[in-house]
>>> print(open('protein17.tsv').read())   # TSV, C-alpha atoms
chain	number	residue	atom	x	y	z
A	268	MET	CA	17.06	-12.04	0.67
A	269	ASN	CA	16.27	-8.33	0.61
A	270	GLU	CA	18.04	-6.18	3.15
A	271	LEU	CA	15.27	-3.72	3.97
A	272	LYS	CA	15.35	-0.92	6.52
A	273	VAL	CA	12.19	0.68	7.90
A	274	LEU	CA	12.06	3.78	10.11
A	275	ILE	CA	9.18	4.01	12.60
A	276	ILE	CA	8.43	7.42	14.12
A	277	GLU	CA	5.71	7.04	16.75
A	278	ASP	CA	5.51	8.68	20.20
A	279	ASP	CA	3.14	6.09	21.69
A	280	GLU	CA	5.77	3.71	23.02
A	281	ALA	CA	3.45	0.70	23.27
A	282	LEU	CA	2.26	1.14	19.68
A	283	ALA	CA	5.82	1.78	18.50
A	284	ALA	CA	6.92	-1.48	20.12
A	285	SER	CA	4.08	-3.32	18.42
A	286	LEU	CA	4.97	-1.83	15.03
A	287	ASP	CA	8.60	-2.69	15.61
A	288	ARG	CA	7.71	-6.27	16.46
A	289	PHE	CA	5.66	-7.14	13.40
A	290	LEU	CA	7.47	-4.99	10.84
A	291	SER	CA	10.74	-6.61	11.91
A	292	GLU	CA	9.45	-9.75	10.19
A	293	LEU	CA	9.82	-7.84	6.93
A	294	ALA	CA	12.76	-5.52	7.53
A	295	GLU	CA	15.34	-4.21	9.94
A	296	THR	CA	13.54	-1.55	11.96
A	297	THR	CA	14.60	1.62	13.77
A	298	VAL	CA	12.22	3.33	16.20
A	299	SER	CA	12.11	7.00	17.18
A	300	HIS	CA	9.66	8.59	19.62
A	301	ASP	CA	9.97	12.24	18.63
A	302	GLY	CA	9.91	14.26	15.46
A	303	PHE	CA	13.34	15.86	15.75
A	304	GLU	CA	15.20	12.59	16.20
A	305	GLY	CA	13.07	10.93	13.51
A	306	GLN	CA	13.77	13.72	11.06
A	307	MET	CA	17.49	13.42	11.65
A	308	LEU	CA	17.40	9.66	11.22
A	309	GLY	CA	15.36	9.87	8.05
A	310	GLN	CA	17.57	12.43	6.38
A	311	GLU	CA	20.44	9.97	6.51
A	312	GLY	CA	18.90	8.42	3.42
A	313	ILE	CA	19.49	4.83	4.48
A	314	TYR	CA	15.88	3.76	4.95
A	315	ASP	CA	13.69	2.06	2.40
A	316	LEU	CA	10.45	3.31	3.98
A	317	ALA	CA	9.22	5.39	6.91
A	318	VAL	CA	6.07	4.93	8.98
A	319	LEU	CA	5.36	8.41	10.30
A	320	ASP	CA	2.96	9.60	12.99
A	321	LEU	CA	1.75	13.22	12.73
A	322	MET	CA	1.24	14.27	16.35
A	323	LEU	CA	4.81	14.09	17.63
A	324	PRO	CA	6.82	15.97	20.27
A	325	GLN	CA	9.58	18.38	19.14
A	326	ILE	CA	8.53	18.53	15.47
A	327	ASN	CA	5.19	17.38	14.09
A	328	GLY	CA	4.98	14.80	11.33
A	329	TYR	CA	3.86	17.29	8.70
A	330	ASP	CA	7.00	19.35	9.21
A	331	VAL	CA	9.18	16.25	9.24
A	332	LEU	CA	7.74	15.16	5.91
A	333	LYS	CA	8.03	18.64	4.43
A	334	TYR	CA	11.69	18.79	5.43
A	335	TRP	CA	12.43	15.39	3.94
A	336	ARG	CA	10.84	16.27	0.63
A	337	THR	CA	11.94	19.90	0.20
A	338	GLU	CA	15.24	20.18	2.06
A	339	ALA	CA	16.67	16.66	2.20
A	340	LYS	CA	15.22	15.77	-1.24
A	341	LEU	CA	14.39	12.25	-0.06
A	342	ASP	CA	12.34	9.99	-2.32
A	343	MET	CA	11.92	7.42	0.46
A	344	PRO	CA	8.34	6.10	0.56
A	345	VAL	CA	6.48	7.52	3.57
A	346	LEU	CA	3.36	6.00	5.06
A	347	ILE	CA	1.58	8.34	7.46
A	348	LEU	CA	0.01	6.46	10.37
A	349	THR	CA	-2.14	8.73	12.49
A	350	ALA	CA	-5.39	9.34	14.36
A	351	LYS	CA	-5.97	12.50	12.27
A	352	ASP	CA	-8.66	11.28	9.91
A	353	THR	CA	-10.28	14.31	8.28
A	354	LEU	CA	-10.15	14.90	4.54
A	355	ASP	CA	-8.13	18.08	5.10
A	356	ASP	CA	-5.55	16.12	7.09
A	357	LYS	CA	-5.21	13.56	4.31
A	358	VAL	CA	-5.03	16.18	1.58
A	359	HIS	CA	-2.31	18.05	3.47
A	360	GLY	CA	-0.33	14.86	4.01
A	361	PHE	CA	-0.41	13.92	0.34
A	362	GLN	CA	0.36	17.47	-0.75
A	363	LEU	CA	3.51	17.36	1.36
A	364	GLY	CA	4.60	14.15	-0.35
A	365	ALA	CA	3.17	11.22	1.61
A	366	ASP	CA	2.88	8.02	-0.42
A	367	ASP	CA	0.07	6.51	1.64
A	368	TYR	CA	-2.10	7.49	4.60
A	369	LEU	CA	-3.56	5.07	7.14
A	370	THR	CA	-5.66	6.11	10.13
A	371	LYS	CA	-5.70	4.61	13.61
A	372	PRO	CA	-7.02	2.22	14.70
A	373	PHE	CA	-5.82	-0.08	11.95
A	374	HIS	CA	-5.48	-3.77	11.19
A	375	ARG	CA	-1.99	-5.19	11.26
A	376	GLU	CA	-2.62	-7.03	7.99
A	377	GLU	CA	-3.64	-3.84	6.25
A	378	LEU	CA	-0.54	-1.98	7.40
A	379	LEU	CA	1.68	-4.82	6.28
A	380	MET	CA	-0.10	-4.92	2.92
A	381	ARG	CA	0.38	-1.20	2.40
A	382	VAL	CA	4.04	-1.27	3.47
A	383	LYS	CA	4.75	-4.12	1.09
A	384	ALA	CA	2.88	-2.36	-1.72
A	385	LEU	CA	4.98	0.77	-1.24
A	386	LEU	CA	8.19	-1.24	-1.18
A	387	LYS	CA	7.21	-3.06	-4.35
A	388	ARG	CA	6.15	0.09	-6.15
A	389	SER	CA	9.42	1.76	-5.27
A	390	GLY	CA	11.42	-1.25	-6.46
A	391	ARG	CA	12.71	-1.94	-2.97
A	392	LEU	CA	11.08	-5.33	-2.59
A	393	GLY	CA	12.61	-7.02	-5.61
A	394	VAL	CA	9.98	-6.06	-8.17
A	395	ASP	CA	11.17	-6.72	-11.70
A	396	ASN	CA	9.37	-5.93	-14.92
A	397	GLN	CA	7.31	-9.10	-14.88
A	398	LEU	CA	4.96	-10.24	-12.18
A	399	THR	CA	3.89	-13.89	-12.16
A	400	VAL	CA	1.29	-15.12	-9.68
A	401	GLY	CA	-0.66	-18.33	-10.15
A	402	GLN	CA	-2.11	-18.41	-13.67
A	403	PHE	CA	-1.24	-14.76	-14.33
A	404	THR	CA	1.78	-13.10	-15.88
A	405	ALA	CA	1.77	-9.30	-15.98
A	406	ASN	CA	4.30	-7.31	-17.97
A	407	LEU	CA	4.74	-4.09	-16.05
A	408	ASN	CA	6.53	-2.38	-18.94
A	409	ASN	CA	3.82	-2.60	-21.58
A	410	ARG	CA	0.89	-3.13	-19.17
A	411	THR	CA	-0.23	-6.44	-20.62
A	412	VAL	CA	-1.51	-9.55	-18.84
A	413	ALA	CA	-1.64	-13.18	-19.88
A	414	ILE	CA	-3.59	-15.93	-18.16
A	415	ASN	CA	-2.60	-19.49	-18.97
A	416	SER	CA	-0.57	-18.00	-21.85
A	417	GLN	CA	-3.67	-16.31	-23.31
A	418	THR	CA	-3.81	-12.53	-23.59
A	419	LEU	CA	-6.27	-10.95	-21.19
A	420	GLU	CA	-7.67	-7.76	-22.70
A	421	LEU	CA	-8.04	-5.21	-19.91
A	422	ASN	CA	-8.63	-1.49	-19.88
A	423	GLY	CA	-6.48	0.82	-17.76
A	424	LYS	CA	-8.27	0.58	-14.42
A	425	GLU	CA	-8.97	-3.14	-14.88
A	426	TYR	CA	-5.25	-3.70	-15.41
A	427	ASP	CA	-4.38	-1.59	-12.35
A	428	LEU	CA	-6.93	-3.50	-10.31
A	429	LEU	CA	-5.57	-6.90	-11.30
A	430	VAL	CA	-1.96	-5.86	-10.67
A	431	TYR	CA	-3.02	-4.64	-7.22
A	432	PHE	CA	-4.27	-8.16	-6.50
A	433	LEU	CA	-1.16	-9.75	-8.00
A	434	GLN	CA	1.00	-7.64	-5.70
A	435	ASN	CA	-1.04	-8.83	-2.72
A	436	PRO	CA	-2.00	-12.47	-3.33
A	437	ASP	CA	-3.94	-14.32	-0.64
A	438	THR	CA	-4.62	-11.01	1.07
A	439	ILE	CA	-8.04	-9.52	1.79
A	440	ILE	CA	-8.41	-6.18	0.03
A	441	THR	CA	-11.39	-4.05	0.98
A	442	LYS	CA	-13.45	-1.91	-1.37
A	443	ASP	CA	-12.20	1.19	0.38
A	444	GLN	CA	-8.61	0.14	-0.16
A	445	ILE	CA	-9.22	-0.51	-3.85
A	446	PHE	CA	-11.00	2.83	-4.22
A	447	ASP	CA	-8.26	4.78	-2.46
A	448	ARG	CA	-5.57	3.00	-4.46
A	449	LEU	CA	-7.10	3.34	-7.93
A	450	TRP	CA	-9.27	6.45	-7.75
A	451	GLY	CA	-7.84	8.39	-4.84
A	452	PHE	CA	-9.29	9.26	-1.46
A	453	ASP	CA	-10.56	12.66	-2.67
A	454	SER	CA	-12.16	11.36	-5.86
A	455	GLU	CA	-15.76	12.38	-6.43
A	456	THR	CA	-16.46	8.98	-8.00
A	457	ALA	CA	-18.84	6.78	-5.99
A	458	LEU	CA	-17.49	3.75	-4.13
A	459	THR	CA	-19.81	1.54	-6.20
A	460	VAL	CA	-17.40	1.95	-9.13
A	461	VAL	CA	-15.27	-0.70	-7.43
A	462	GLU	CA	-18.06	-3.28	-7.80
A	463	VAL	CA	-18.47	-2.42	-11.48
A	464	TYR	CA	-14.79	-2.90	-12.25
A	465	MET	CA	-14.57	-6.02	-10.11
A	466	SER	CA	-17.52	-7.55	-11.97
A	467	ASN	CA	-15.97	-6.76	-15.36
A	468	LEU	CA	-12.57	-8.08	-14.33
A	469	ARG	CA	-13.98	-11.32	-12.93
A	470	LYS	CA	-16.01	-11.94	-16.11
A	471	LYS	CA	-12.94	-11.49	-18.31
A	472	ILE	CA	-10.88	-13.80	-16.12
A	473	LYS	CA	-13.62	-16.44	-15.97
A	474	ALA	CA	-13.81	-16.51	-19.77
A	475	LYS	CA	-10.19	-17.67	-20.00
A	476	ALA	CA	-9.42	-19.34	-16.69
A	477	ASP	CA	-10.10	-22.83	-15.40
A	478	SER	CA	-11.52	-21.35	-12.22
A	479	GLN	CA	-12.28	-17.98	-10.62
A	480	PRO	CA	-9.24	-17.04	-8.52
A	481	ILE	CA	-10.70	-13.79	-7.17
A	482	ARG	CA	-13.04	-14.48	-4.29
A	483	THR	CA	-15.69	-12.05	-3.08
A	484	LEU	CA	-15.83	-11.97	0.70
A	485	ARG	CA	-19.25	-10.60	1.57
A	486	ASN	CA	-19.13	-7.35	3.54
A	487	VAL	CA	-15.34	-7.61	3.73
A	488	GLY	CA	-13.71	-7.28	0.33
A	489	TYR	CA	-11.92	-9.46	-2.18
A	490	MET	CA	-9.00	-11.86	-2.30
A	491	LEU	CA	-6.89	-13.25	-5.12
A	492	GLU	CA	-6.27	-16.85	-4.17
A	493	THR	CA	-3.15	-18.53	-5.45
A	494	GLU	CA	-3.40	-22.09	-6.69
A	495	ASP	CA	-2.03	-23.44	-3.43
A	496	ASN	CA	-4.92	-21.90	-1.48
A	497	GLN	CA	-7.84	-22.50	-3.82
>>> encode(input="protein17.tsv", output="structure tokens")
Amino acid sequence: MNELKVLIIEDDEALAASLDRFLSELAETTVSHDGFEGQMLGQEGIYDLAVLDLMLPQINGYDVLKYWRTEAKLDMPVLILTAKDTLDDKVHGFQLGADDYLTKPFHREELLMRVKALLKRSGRLGVDNQLTVGQFTANLNNRTVAINSQTLELNGKEYDLLVYFLQNPDTIITKDQIFDRLWGFDSETALTVVEVYMSNLRKKIKAKADSQPIRTLRNVGYMLETEDNQ
């Protein structure tokens, strides 16, 4: 069992308690309600991930993040969770070293998905060099995928898209989430590119699979169903 530690810095005590409650299912959590205390806790370097609000008393979240990255030299994954939703806010957060940015209000499932994705990407959730889910086996070293022991020829973004699903099986992933993950929130590419890549990926999978494991959920998103849930 992984011994994970997550730091939550959120001044809204009710929301902080809610975050503490459901993230504690995944990791040992520590909660701070102000930026100064949170900054001090984070710089200890014992946490696997931080969920950081921006509008905090004492020190704002931007300055906390800047300190962690430039002074404390922390590589801890940081997910900004905030009501500040403008493009400039997001750009500034990522420029300072945020790993992900989620605006309030949010769905619990989405936050959990993003936290788990960050932990996996950082190697903190037991990711090895091979990812096996259902009929798929992805080699993360040479970026190849096999389905039922047959090679699945994918281009770069198709591979990234499939791995995103493999990292989040049986989880609804919206088009916006896919777009932000693969193309970036400030990309000038149209959101419709997601549908194009999804269509290509599904066709390639269908050609070699016994069934279509990626479901399209109309007006919601997509889900990779494992064999147990098909």
>>> closest_residue(input="protein17.tsv", among="A:Ile439, A:Glu462, A:Leu321, A:Leu308", to="Lys371 of chain A", atoms="only C-alpha atoms")
A:Leu321
>>> closest_residue(input="protein17.tsv", among="A:Phe361, A:Asp278, A:Ala294, A:Leu428", to="Gln325 of chain A", atoms="all atoms listed in the file")
A:Asp278
>>> residues_near_point(input="protein17.tsv", point="(9.6, 4.4, 11.4)", cutoff="10 Å", atoms="all atoms listed in the file", output="PyMOL selection string")
chain A and resi 272-277+283+286-287+290+296-300+305+308-309+314+316-320+345-348
>>> residues_around(input="protein17.tsv", residues="Leu332 of chain A", least_positions_apart="4", cutoff="9 Å", atoms="all atoms listed in the file", output="ChimeraX atom specification")
/A:306,319,327-328,336-337,345,360,363-365
>>> closest_residue(input="protein17.tsv", among="A:Gln444, A:Thr353, A:Ser416, A:Gln310", to="Ala339 of chain A", atoms="all atoms listed in the file")
A:Gln310
>>> residues_around(input="protein17.tsv", residues="Gln417 of chain A", least_positions_apart="6", cutoff="12 Å", atoms="only C-alpha atoms", output="list in words")
Gln402, Phe403, Thr404, Ala405, Thr411, Lys471, Ile472, Ala474, Lys475 and Ala476 of chain A
>>> atom_distance(input="protein17.tsv", atom1="atom CA of Leu271 of chain A", atom2="atom CA of Leu293 of chain A")
7.4 Å
>>> closest_residue(input="protein17.tsv", among="A:Leu369, A:Ser389, A:Tyr464, A:Ala457", to="Gly423 of chain A", atoms="all atoms listed in the file")
A:Tyr464
>>> residues_around(input="protein17.tsv", residues="Asp447 of chain A", least_positions_apart="6", cutoff="12 Å", atoms="only C-alpha atoms", output="PyMOL selection string")
chain A and resi 357+366-369+381+428+431+440-441+453-458+460-461
>>> write_last_selection(input="protein17.tsv", atoms="C-alpha atoms", output="mmCIF file, in the coordinates of the input")
data_model
loop_
_atom_site.group_PDB
_atom_site.id
_atom_site.type_symbol
_atom_site.label_atom_id
_atom_site.label_comp_id
_atom_site.auth_asym_id
_atom_site.auth_seq_id
_atom_site.Cartn_x
_atom_site.Cartn_y
_atom_site.Cartn_z
ATOM 1 C CA LYS A 357 -5.210 13.560 4.310
ATOM 2 C CA ASP A 366 2.880 8.020 -0.420
ATOM 3 C CA ASP A 367 0.070 6.510 1.640
ATOM 4 C CA TYR A 368 -2.100 7.490 4.600
ATOM 5 C CA LEU A 369 -3.560 5.070 7.140
ATOM 6 C CA ARG A 381 0.380 -1.200 2.400
ATOM 7 C CA LEU A 428 -6.930 -3.500 -10.310
ATOM 8 C CA TYR A 431 -3.020 -4.640 -7.220
ATOM 9 C CA ILE A 440 -8.410 -6.180 0.030
ATOM 10 C CA THR A 441 -11.390 -4.050 0.980
ATOM 11 C CA ASP A 453 -10.560 12.660 -2.670
ATOM 12 C CA SER A 454 -12.160 11.360 -5.860
ATOM 13 C CA GLU A 455 -15.760 12.380 -6.430
ATOM 14 C CA THR A 456 -16.460 8.980 -8.000
ATOM 15 C CA ALA A 457 -18.840 6.780 -5.990
ATOM 16 C CA LEU A 458 -17.490 3.750 -4.130
ATOM 17 C CA VAL A 460 -17.400 1.950 -9.130
ATOM 18 C CA VAL A 461 -15.270 -0.700 -7.430
#
>>> residues_around(input="protein17.tsv", residues="Arg469 of chain A", least_positions_apart="6", cutoff="12 Å", atoms="all atoms listed in the file", output="short mmCIF file (atom, residue, chain, number, x, y, z; two decimals) with C-alpha atoms, in the frame of the given file")
data_model
loop_
_atom_site.label_atom_id
_atom_site.label_comp_id
_atom_site.auth_asym_id
_atom_site.auth_seq_id
_atom_site.Cartn_x
_atom_site.Cartn_y
_atom_site.Cartn_z
CA LEU A 419 -6.27 -10.95 -21.19
CA LEU A 421 -8.04 -5.21 -19.91
CA GLU A 425 -8.97 -3.14 -14.88
CA TYR A 426 -5.25 -3.70 -15.41
CA LEU A 428 -6.93 -3.50 -10.31
CA LEU A 429 -5.57 -6.90 -11.30
CA GLU A 462 -18.06 -3.28 -7.80
CA VAL A 463 -18.47 -2.42 -11.48
CA LYS A 475 -10.19 -17.67 -20.00
CA ALA A 476 -9.42 -19.34 -16.69
CA SER A 478 -11.52 -21.35 -12.22
CA GLN A 479 -12.28 -17.98 -10.62
CA PRO A 480 -9.24 -17.04 -8.52
CA ILE A 481 -10.70 -13.79 -7.17
CA ARG A 482 -13.04 -14.48 -4.29
CA THR A 483 -15.69 -12.05 -3.08
CA TYR A 489 -11.92 -9.46 -2.18
CA MET A 490 -9.00 -11.86 -2.30
CA LEU A 491 -6.89 -13.25 -5.12
#
>>> atom_distance(input="protein17.tsv", atom1="atom CA of Leu398 of chain A", atom2="atom CA of Met465 of chain A")
20.1 Å
